[in-house]
$ cat final_13.txt   # compact mmCIF, C-alpha atoms
# COMPACT_ATOMS: atom_id res chain seq x y z
CA MET Z 225 0.00 0.00 0.00
CA HIS Z 226 1.07 3.53 -0.71
CA ASP Z 227 2.45 5.15 2.43
CA CYS Z 228 -0.01 7.91 3.24
CA PHE Z 229 1.59 9.31 6.39
CA HIS Z 230 4.62 11.58 6.26
CA ASP Z 231 6.94 13.46 8.58
CA PRO Z 232 8.31 16.34 6.50
CA ALA Z 233 10.84 17.31 9.18
CA ALA Z 234 12.46 13.88 8.81
CA LEU Z 235 12.37 13.92 5.00
CA ALA Z 236 13.91 17.34 4.33
CA THR Z 237 17.24 17.17 2.49
CA PHE Z 238 19.28 20.07 1.17
CA SER Z 239 21.54 20.64 -1.80
CA PRO Z 240 24.43 23.12 -1.82
CA GLU Z 241 23.73 23.90 -5.51
CA LYS Z 242 20.07 24.91 -5.45
CA MET Z 243 16.71 24.58 -3.74
CA ASN Z 244 15.93 20.89 -3.26
CA LYS Z 245 12.49 19.34 -3.84
CA VAL Z 246 11.35 16.19 -2.00
CA ASN Z 247 8.18 14.69 -3.43
CA LEU Z 248 5.63 13.19 -1.02
CA TYR Z 249 2.79 12.52 -3.43
CA GLU Z 250 1.80 13.14 -7.03
CA SER Z 251 -1.10 12.36 -9.32
CA PRO Z 252 -2.64 14.15 -12.31
CA ARG Z 253 -4.63 16.15 -9.74
CA MET Z 254 -1.76 17.58 -7.65
CA PHE Z 255 1.74 17.25 -6.32
CA CYS Z 256 2.78 17.65 -2.69
CA ASP Z 257 6.48 18.46 -2.23
CA ILE Z 258 8.78 19.69 0.50
CA TYR Z 259 10.99 22.52 -0.77
CA CYS Z 260 14.27 22.86 1.12
CA LEU Z 261 16.30 26.07 0.83
CA GLU Z 262 19.72 26.85 2.22
CA PRO Z 263 20.34 30.53 3.04
CA ASP Z 264 20.19 32.69 -0.11
CA GLN Z 265 18.68 29.94 -2.30
CA VAL Z 266 15.69 30.88 -4.45
CA GLN Z 267 12.87 29.67 -6.58
CA LYS Z 268 12.89 32.21 -9.38
CA ASP Z 269 9.76 34.20 -10.12
CA HIS Z 270 7.48 32.37 -12.53
CA ALA Z 271 3.78 31.72 -13.21
CA HIS Z 272 1.57 28.82 -14.27
CA ALA Z 273 -1.38 29.74 -16.45
CA ASP Z 274 -3.69 27.00 -15.21
CA ASN Z 275 -2.33 25.77 -11.87
CA ASP Z 276 -2.77 27.02 -8.31
CA LYS Z 277 0.09 26.74 -5.82
CA VAL Z 278 0.07 26.84 -2.01
CA TYR Z 279 3.26 27.49 -0.04
CA HIS Z 280 3.23 26.62 3.66
CA VAL Z 281 6.35 27.56 5.63
CA LEU Z 282 7.29 24.63 7.87
CA THR Z 283 10.59 25.78 9.40
CA GLY Z 284 12.60 28.98 9.30
CA THR Z 285 11.55 32.09 7.43
CA CYS Z 286 11.18 32.66 3.70
CA ARG Z 287 10.62 35.74 1.57
CA ILE Z 288 7.71 34.95 -0.74
CA ARG Z 289 6.45 36.91 -3.71
CA VAL Z 290 2.89 36.54 -4.99
CA GLY Z 291 1.84 39.02 -7.68
CA ASP Z 292 2.92 42.50 -6.64
CA ARG Z 293 3.35 41.62 -2.98
CA THR Z 294 6.45 40.24 -1.25
CA GLU Z 295 6.54 39.29 2.43
CA SER Z 296 8.83 37.40 4.79
CA LEU Z 297 6.74 34.55 6.13
CA SER Z 298 7.72 32.66 9.28
CA ALA Z 299 6.93 29.03 10.09
CA GLY Z 300 3.20 28.37 10.10
CA LYS Z 301 2.28 31.00 7.52
CA ILE Z 302 0.67 30.24 4.15
CA ALA Z 303 0.91 31.92 0.75
CA VAL Z 304 -1.46 31.13 -2.12
CA ALA Z 305 -0.49 31.83 -5.74
CA PRO Z 306 -3.62 31.50 -7.90
CA ALA Z 307 -3.22 30.42 -11.53
CA GLY Z 308 -1.62 33.11 -13.65
CA MET Z 309 -0.03 35.03 -10.77
CA VAL Z 310 3.75 35.45 -10.62
CA HIS Z 311 5.33 33.85 -7.56
CA GLY Z 312 8.76 32.98 -6.22
CA LEU Z 313 10.87 32.31 -3.11
CA HIS Z 314 14.04 33.71 -1.60
CA ASN Z 315 15.47 32.44 1.66
CA ASP Z 316 16.96 35.75 2.73
CA SER Z 317 17.48 34.52 6.31
CA GLU Z 318 20.58 32.95 7.81
CA GLN Z 319 18.84 29.66 8.59
CA ARG Z 320 17.59 26.84 6.41
CA THR Z 321 13.91 26.96 5.56
CA THR Z 322 11.47 24.26 4.48
CA LEU Z 323 8.04 24.64 2.91
CA MET Z 324 5.24 22.26 2.03
CA VAL Z 325 4.19 23.03 -1.54
CA ILE Z 326 1.03 21.81 -3.23
CA MET Z 327 0.24 22.54 -6.86
CA ALA Z 328 -3.07 21.62 -8.50
CA PRO Z 329 -3.46 20.26 -11.03
CA HIS Z 330 -0.04 18.62 -11.52
CA PRO Z 331 1.71 20.71 -14.21
CA VAL Z 332 3.18 17.67 -15.99
CA LEU Z 333 0.89 14.74 -15.22
CA GLU Z 334 -2.40 16.60 -15.69
CA ASN Z 335 -4.66 15.17 -18.34
CA MET C 162 -6.20 42.30 -4.87
CA HIS C 163 -6.93 38.92 -3.40
CA ASP C 164 -5.10 38.52 -0.10
CA CYS C 165 -2.56 35.78 -0.75
CA PHE C 166 -0.87 35.62 2.66
CA HIS C 167 -2.48 33.88 5.62
CA ASP C 168 -1.80 33.14 9.26
CA PRO C 169 -3.84 30.00 10.02
CA ALA C 170 -3.16 30.24 13.76
CA ALA C 171 -4.93 33.62 13.82
CA LEU C 172 -7.84 32.45 11.65
CA ALA C 173 -8.82 29.25 13.48
CA THR C 174 -12.29 29.37 14.99
CA PHE C 175 -14.14 26.53 16.71
CA SER C 176 -17.74 25.44 17.00
CA PRO C 177 -19.15 23.52 19.96
CA GLU C 178 -21.48 21.60 17.59
CA LYS C 179 -19.06 20.13 15.09
CA MET C 180 -15.73 20.44 13.32
CA ASN C 181 -15.41 23.95 11.87
CA LYS C 182 -14.00 24.75 8.43
CA VAL C 183 -12.34 28.09 7.65
CA ASN C 184 -11.75 28.61 3.94
CA LEU C 185 -8.53 30.38 2.85
CA TYR C 186 -8.79 29.88 -0.90
CA GLU C 187 -10.89 28.08 -3.48
CA SER C 188 -11.02 27.73 -7.24
CA PRO C 189 -12.16 24.94 -9.58
CA ARG C 190 -8.65 23.50 -9.11
CA MET C 191 -8.56 23.21 -5.31
CA PHE C 192 -9.70 24.41 -1.93
CA CYS C 193 -7.46 25.24 1.00
CA ASP C 194 -9.21 25.17 4.38
CA ILE C 195 -8.31 25.15 8.05
CA TYR C 196 -10.22 22.43 9.90
CA CYS C 197 -10.71 23.15 13.61
CA LEU C 198 -11.70 20.32 15.95
CA GLU C 199 -12.58 20.49 19.63
CA PRO C 200 -11.77 17.35 21.64
CA ASP C 201 -13.82 14.37 20.40
CA GLN C 202 -15.02 16.09 17.23
CA VAL C 203 -14.73 14.14 13.98
CA GLN C 204 -14.86 14.23 10.24
CA LYS C 205 -16.68 11.01 9.46
CA ASP C 206 -15.04 8.47 7.18
CA HIS C 207 -15.80 9.15 3.53
CA ALA C 208 -14.19 9.02 0.10
CA HIS C 209 -14.08 11.11 -3.07
CA ALA C 210 -13.85 9.18 -6.31
CA ASP C 211 -11.88 11.80 -8.24
CA ASN C 212 -10.30 14.14 -5.67
CA ASP C 213 -7.07 13.93 -3.68
CA LYS C 214 -6.90 15.35 -0.16
CA VAL C 215 -3.92 16.36 1.96
CA TYR C 216 -4.22 16.79 5.73
CA HIS C 217 -1.45 18.70 7.50
CA VAL C 218 -1.68 18.86 11.30
CA LEU C 219 -0.92 22.42 12.42
CA THR C 220 -1.59 22.27 16.17
CA GLY C 221 -2.42 19.51 18.63
CA THR C 222 -2.79 15.87 17.68
CA CYS C 223 -5.38 14.18 15.48
CA ARG C 224 -6.23 10.57 14.78
CA ILE C 225 -6.38 10.21 11.00
CA ARG C 226 -7.64 7.30 8.94
CA VAL C 227 -6.53 6.74 5.35
CA GLY C 228 -7.62 3.46 3.78
CA ASP C 229 -6.94 0.63 6.22
CA ARG C 230 -4.49 2.62 8.32
CA THR C 231 -5.23 4.87 11.29
CA GLU C 232 -2.56 6.87 13.11
CA SER C 233 -2.39 9.67 15.66
CA LEU C 234 -0.50 12.47 13.94
CA SER C 235 1.08 15.31 15.88
CA ALA C 236 1.67 18.86 14.65
CA GLY C 237 3.85 18.94 11.56
CA LYS C 238 2.78 15.56 10.18
CA ILE C 239 1.03 15.05 6.84
CA ALA C 240 -1.53 12.50 5.64
CA VAL C 241 -2.44 12.06 1.97
CA ALA C 242 -5.75 10.48 0.93
CA PRO C 243 -5.57 9.71 -2.80
CA ALA C 244 -8.80 9.73 -4.82
CA GLY C 245 -11.04 6.79 -3.94
CA MET C 246 -9.47 6.06 -0.57
CA VAL C 247 -11.60 6.24 2.59
CA HIS C 248 -10.41 8.89 5.05
CA GLY C 249 -11.57 10.61 8.21
CA LEU C 250 -10.55 12.46 11.37
CA HIS C 251 -11.08 12.07 15.09
CA ASN C 252 -9.61 14.44 17.63
CA ASP C 253 -9.19 11.84 20.38
CA SER C 254 -6.90 14.13 22.39
CA GLU C 255 -7.85 16.50 25.19
CA GLN C 256 -6.68 19.59 23.28
CA ARG C 257 -8.02 21.44 20.28
CA THR C 258 -6.43 20.52 16.98
CA THR C 259 -6.18 22.39 13.69
CA LEU C 260 -5.26 21.07 10.25
CA MET C 261 -4.58 22.63 6.89
CA VAL C 262 -6.61 20.71 4.32
CA ILE C 263 -6.19 20.89 0.57
CA MET C 264 -8.43 19.02 -1.85
CA ALA C 265 -7.82 18.94 -5.61
CA PRO C 266 -9.78 19.43 -7.70
CA HIS C 267 -12.48 21.32 -5.79
CA PRO C 268 -15.33 18.82 -5.32
CA VAL C 269 -18.06 21.39 -6.05
CA LEU C 270 -16.49 24.04 -8.26
CA GLU C 271 -14.59 21.68 -10.53
CA ASN C 272 -15.47 21.88 -14.21

$ encode --input "final_13.txt" --output "structure tokens"
Amino acid sequence: MHDCFHDPAALATFSPEKMNKVNLYESPRMFCDIYCLEPDQVQKDHAHADNDKVYHVLTGTCRIRVGDRTESLSAGKIAVAPAGMVHGLHNDSEQRTTLMVIMAPHPVLEN
Amino acid sequence: MHDCFHDPAALATFSPEKMNKVNLYESPRMFCDIYCLEPDQVQKDHAHADNDKVYHVLTGTCRIRVGDRTESLSAGKIAVAPAGMVHGLHNDSEQRTTLMVIMAPHPVLEN
């Protein structure tokens, strides 16, 4: 059986080169990843015409852009990037940060 | 502009009658809610044929069923209920619990 229970704190792994993505689940309907950013790592600003994305900060603090707004979000906070809206990440803190990220539908697997 | 940044801890509200849902975002592609359960409140076991659901425990502890597995998940843990799989909640602790819940696609608004 597919393992349906996850501990993101135990699964987070980091890369010195760039933001690392750890996939927990994917289907044509969505993906659920953990994004892991060392200090100063980024996810460059981009947009998806037909996909919504939710960022949920799990640990640390991350600077998040959605549309024309940019805020530093601490652990526990949520950012929603509706389809078509530019969004991106920058860990401008001195600590690692992790986020749970859900996109729907899945940008590659969607039917 | 749509407010894209949220603090679920500040938005959680509870009902003495039943589990309370606080919606943060919805579109045909997904909803993102905060579920708020007083001790002994439940979301009864059910399934969605064509929708995935992710539960993320934000505060407290919640007993979560997915398929034939049931576990008590503490804050930070994630449960994924793929389409077609029975799932439900029971706050069997003595504290309030809150969860972020994302379902994709939206079961009512989907095209």

$ closest_residue --input "final_13.txt" --among "Z:Asp316, Z:Cys256, Z:Ala303, Z:Val310" --to "Pro331 in chain Z" --atoms "only C-alpha atoms"
Z:Cys256

$ closest_residue --input "final_13.txt" --among "C:Asn181, C:Ser233, C:Thr222, C:Gln202" --to "chain Z" --atoms "all atoms listed in the file"
C:Ser233

$ closest_atom_pairs --input "final_13.txt" --of "chain Z" --to "chain C" --cutoff "6 Å" --atoms "only C-alpha atoms" --output "CSV"
residue,atom,partner,partner_atom,distance
Z:Cys228,CA,C:Val241,CA,5.0
Z:Phe229,CA,C:Ala240,CA,4.5
Z:His230,CA,C:Ile239,CA,5.0
Z:Asp231,CA,C:Lys238,CA,4.9
Z:Arg253,CA,C:Ala265,CA,5.9
Z:Lys301,CA,C:Asp168,CA,4.9
Z:Ile302,CA,C:His167,CA,5.0
Z:Ala303,CA,C:Phe166,CA,4.5
Z:Val304,CA,C:Cys165,CA,5.0
Z:Ala328,CA,C:Arg190,CA,5.9

$ calpha_fit_and_write --input "final_13.txt" --fixed "chain C" --moving "chain Z" --output "mmCIF file with C-alpha atoms, keeping the file's coordinate frame"
data_model
loop_
_atom_site.group_PDB
_atom_site.id
_atom_site.type_symbol
_atom_site.label_atom_id
_atom_site.label_comp_id
_atom_site.auth_asym_id
_atom_site.auth_seq_id
_atom_site.Cartn_x
_atom_site.Cartn_y
_atom_site.Cartn_z
ATOM 1 C CA MET Z 225 -6.252 42.302 -4.854
ATOM 2 C CA HIS Z 226 -6.937 38.917 -3.377
ATOM 3 C CA ASP Z 227 -5.092 38.511 -0.088
ATOM 4 C CA CYS Z 228 -2.557 35.779 -0.747
ATOM 5 C CA PHE Z 229 -0.870 35.617 2.655
ATOM 6 C CA HIS Z 230 -2.483 33.881 5.611
ATOM 7 C CA ASP Z 231 -1.812 33.128 9.255
ATOM 8 C CA PRO Z 232 -3.843 29.999 10.016
ATOM 9 C CA ALA Z 233 -3.153 30.241 13.757
ATOM 10 C CA ALA Z 234 -4.933 33.611 13.807
ATOM 11 C CA LEU Z 235 -7.841 32.442 11.640
ATOM 12 C CA ALA Z 236 -8.798 29.242 13.473
ATOM 13 C CA THR Z 237 -12.285 29.353 14.999
ATOM 14 C CA PHE Z 238 -14.130 26.527 16.709
ATOM 15 C CA SER Z 239 -17.737 25.450 16.994
ATOM 16 C CA PRO Z 240 -19.148 23.528 19.963
ATOM 17 C CA GLU Z 241 -21.483 21.605 17.603
ATOM 18 C CA LYS Z 242 -19.058 20.129 15.081
ATOM 19 C CA MET Z 243 -15.728 20.448 13.312
ATOM 20 C CA ASN Z 244 -15.421 23.959 11.887
ATOM 21 C CA LYS Z 245 -14.006 24.747 8.430
ATOM 22 C CA VAL Z 246 -12.341 28.094 7.636
ATOM 23 C CA ASN Z 247 -11.746 28.624 3.933
ATOM 24 C CA LEU Z 248 -8.535 30.373 2.840
ATOM 25 C CA TYR Z 249 -8.782 29.880 -0.904
ATOM 26 C CA GLU Z 250 -10.894 28.092 -3.487
ATOM 27 C CA SER Z 251 -11.027 27.730 -7.244
ATOM 28 C CA PRO Z 252 -12.156 24.935 -9.574
ATOM 29 C CA ARG Z 253 -8.646 23.507 -9.115
ATOM 30 C CA MET Z 254 -8.555 23.192 -5.301
ATOM 31 C CA PHE Z 255 -9.699 24.410 -1.934
ATOM 32 C CA CYS Z 256 -7.445 25.250 1.003
ATOM 33 C CA ASP Z 257 -9.221 25.165 4.379
ATOM 34 C CA ILE Z 258 -8.313 25.143 8.044
ATOM 35 C CA TYR Z 259 -10.232 22.423 9.894
ATOM 36 C CA CYS Z 260 -10.707 23.139 13.596
ATOM 37 C CA LEU Z 261 -11.697 20.321 15.960
ATOM 38 C CA GLU Z 262 -12.582 20.496 19.624
ATOM 39 C CA PRO Z 263 -11.779 17.352 21.641
ATOM 40 C CA ASP Z 264 -13.825 14.365 20.414
ATOM 41 C CA GLN Z 265 -15.017 16.098 17.218
ATOM 42 C CA VAL Z 266 -14.733 14.139 13.973
ATOM 43 C CA GLN Z 267 -14.853 14.241 10.241
ATOM 44 C CA LYS Z 268 -16.674 11.023 9.452
ATOM 45 C CA ASP Z 269 -15.052 8.466 7.187
ATOM 46 C CA HIS Z 270 -15.810 9.151 3.539
ATOM 47 C CA ALA Z 271 -14.182 9.021 0.088
ATOM 48 C CA HIS Z 272 -14.089 11.123 -3.072
ATOM 49 C CA ALA Z 273 -13.856 9.180 -6.308
ATOM 50 C CA ASP Z 274 -11.886 11.792 -8.226
ATOM 51 C CA ASN Z 275 -10.292 14.134 -5.678
ATOM 52 C CA ASP Z 276 -7.066 13.933 -3.683
ATOM 53 C CA LYS Z 277 -6.908 15.349 -0.158
ATOM 54 C CA VAL Z 278 -3.912 16.370 1.965
ATOM 55 C CA TYR Z 279 -4.224 16.804 5.733
ATOM 56 C CA HIS Z 280 -1.450 18.707 7.502
ATOM 57 C CA VAL Z 281 -1.677 18.857 11.300
ATOM 58 C CA LEU Z 282 -0.935 22.420 12.413
ATOM 59 C CA THR Z 283 -1.583 22.269 16.170
ATOM 60 C CA GLY Z 284 -2.414 19.513 18.620
ATOM 61 C CA THR Z 285 -2.775 15.872 17.679
ATOM 62 C CA CYS Z 286 -5.372 14.184 15.493
ATOM 63 C CA ARG Z 287 -6.238 10.568 14.781
ATOM 64 C CA ILE Z 288 -6.382 10.208 11.003
ATOM 65 C CA ARG Z 289 -7.641 7.299 8.952
ATOM 66 C CA VAL Z 290 -6.525 6.749 5.360
ATOM 67 C CA GLY Z 291 -7.617 3.462 3.780
ATOM 68 C CA ASP Z 292 -6.952 0.639 6.219
ATOM 69 C CA ARG Z 293 -4.491 2.608 8.322
ATOM 70 C CA THR Z 294 -5.234 4.876 11.291
ATOM 71 C CA GLU Z 295 -2.561 6.866 13.120
ATOM 72 C CA SER Z 296 -2.394 9.681 15.656
ATOM 73 C CA LEU Z 297 -0.496 12.458 13.933
ATOM 74 C CA SER Z 298 1.084 15.312 15.886
ATOM 75 C CA ALA Z 299 1.662 18.862 14.653
ATOM 76 C CA GLY Z 300 3.845 18.939 11.558
ATOM 77 C CA LYS Z 301 2.781 15.562 10.185
ATOM 78 C CA ILE Z 302 1.024 15.054 6.841
ATOM 79 C CA ALA Z 303 -1.525 12.505 5.639
ATOM 80 C CA VAL Z 304 -2.435 12.060 1.971
ATOM 81 C CA ALA Z 305 -5.744 10.480 0.928
ATOM 82 C CA PRO Z 306 -5.569 9.697 -2.804
ATOM 83 C CA ALA Z 307 -8.801 9.710 -4.819
ATOM 84 C CA GLY Z 308 -11.032 6.783 -3.956
ATOM 85 C CA MET Z 309 -9.473 6.049 -0.559
ATOM 86 C CA VAL Z 310 -11.597 6.253 2.593
ATOM 87 C CA HIS Z 311 -10.410 8.895 5.049
ATOM 88 C CA GLY Z 312 -11.583 10.615 8.209
ATOM 89 C CA LEU Z 313 -10.542 12.471 11.378
ATOM 90 C CA HIS Z 314 -11.090 12.059 15.096
ATOM 91 C CA ASN Z 315 -9.608 14.426 17.642
ATOM 92 C CA ASP Z 316 -9.194 11.832 20.367
ATOM 93 C CA SER Z 317 -6.902 14.121 22.394
ATOM 94 C CA GLU Z 318 -7.852 16.501 25.179
ATOM 95 C CA GLN Z 319 -6.668 19.581 23.289
ATOM 96 C CA ARG Z 320 -8.021 21.421 20.280
ATOM 97 C CA THR Z 321 -6.424 20.516 16.977
ATOM 98 C CA THR Z 322 -6.177 22.390 13.685
ATOM 99 C CA LEU Z 323 -5.256 21.066 10.255
ATOM 100 C CA MET Z 324 -4.586 22.643 6.887
ATOM 101 C CA VAL Z 325 -6.616 20.714 4.318
ATOM 102 C CA ILE Z 326 -6.188 20.905 0.562
ATOM 103 C CA MET Z 327 -8.428 19.034 -1.850
ATOM 104 C CA ALA Z 328 -7.825 18.934 -5.607
ATOM 105 C CA PRO Z 329 -9.760 19.419 -7.711
ATOM 106 C CA HIS Z 330 -12.466 21.328 -5.798
ATOM 107 C CA PRO Z 331 -15.321 18.822 -5.310
ATOM 108 C CA VAL Z 332 -18.051 21.388 -6.043
ATOM 109 C CA LEU Z 333 -16.487 24.044 -8.261
ATOM 110 C CA GLU Z 334 -14.576 21.665 -10.539
ATOM 111 C CA ASN Z 335 -15.475 21.905 -14.187
#

$ atom_distance --input "final_13.txt" --atom1 "CA of Lys245 in chain Z" --atom2 "CA of Ile258 in chain Z"
5.7 Å

$ atom_distance --input "final_13.txt" --atom1 "CA of Phe238 in chain Z" --atom2 "CA of Ala273 in chain Z"
28.8 Å

$ atom_distance --input "final_13.txt" --atom1 "CA of Leu198 in chain C" --atom2 "CA of Leu235 in chain Z"
27.2 Å

$ closest_residue --input "final_13.txt" --among "Z:Met309, Z:Met243, Z:Val325, Z:Ala236" --to "Lys268 in chain Z" --atoms "only C-alpha atoms"
Z:Met243
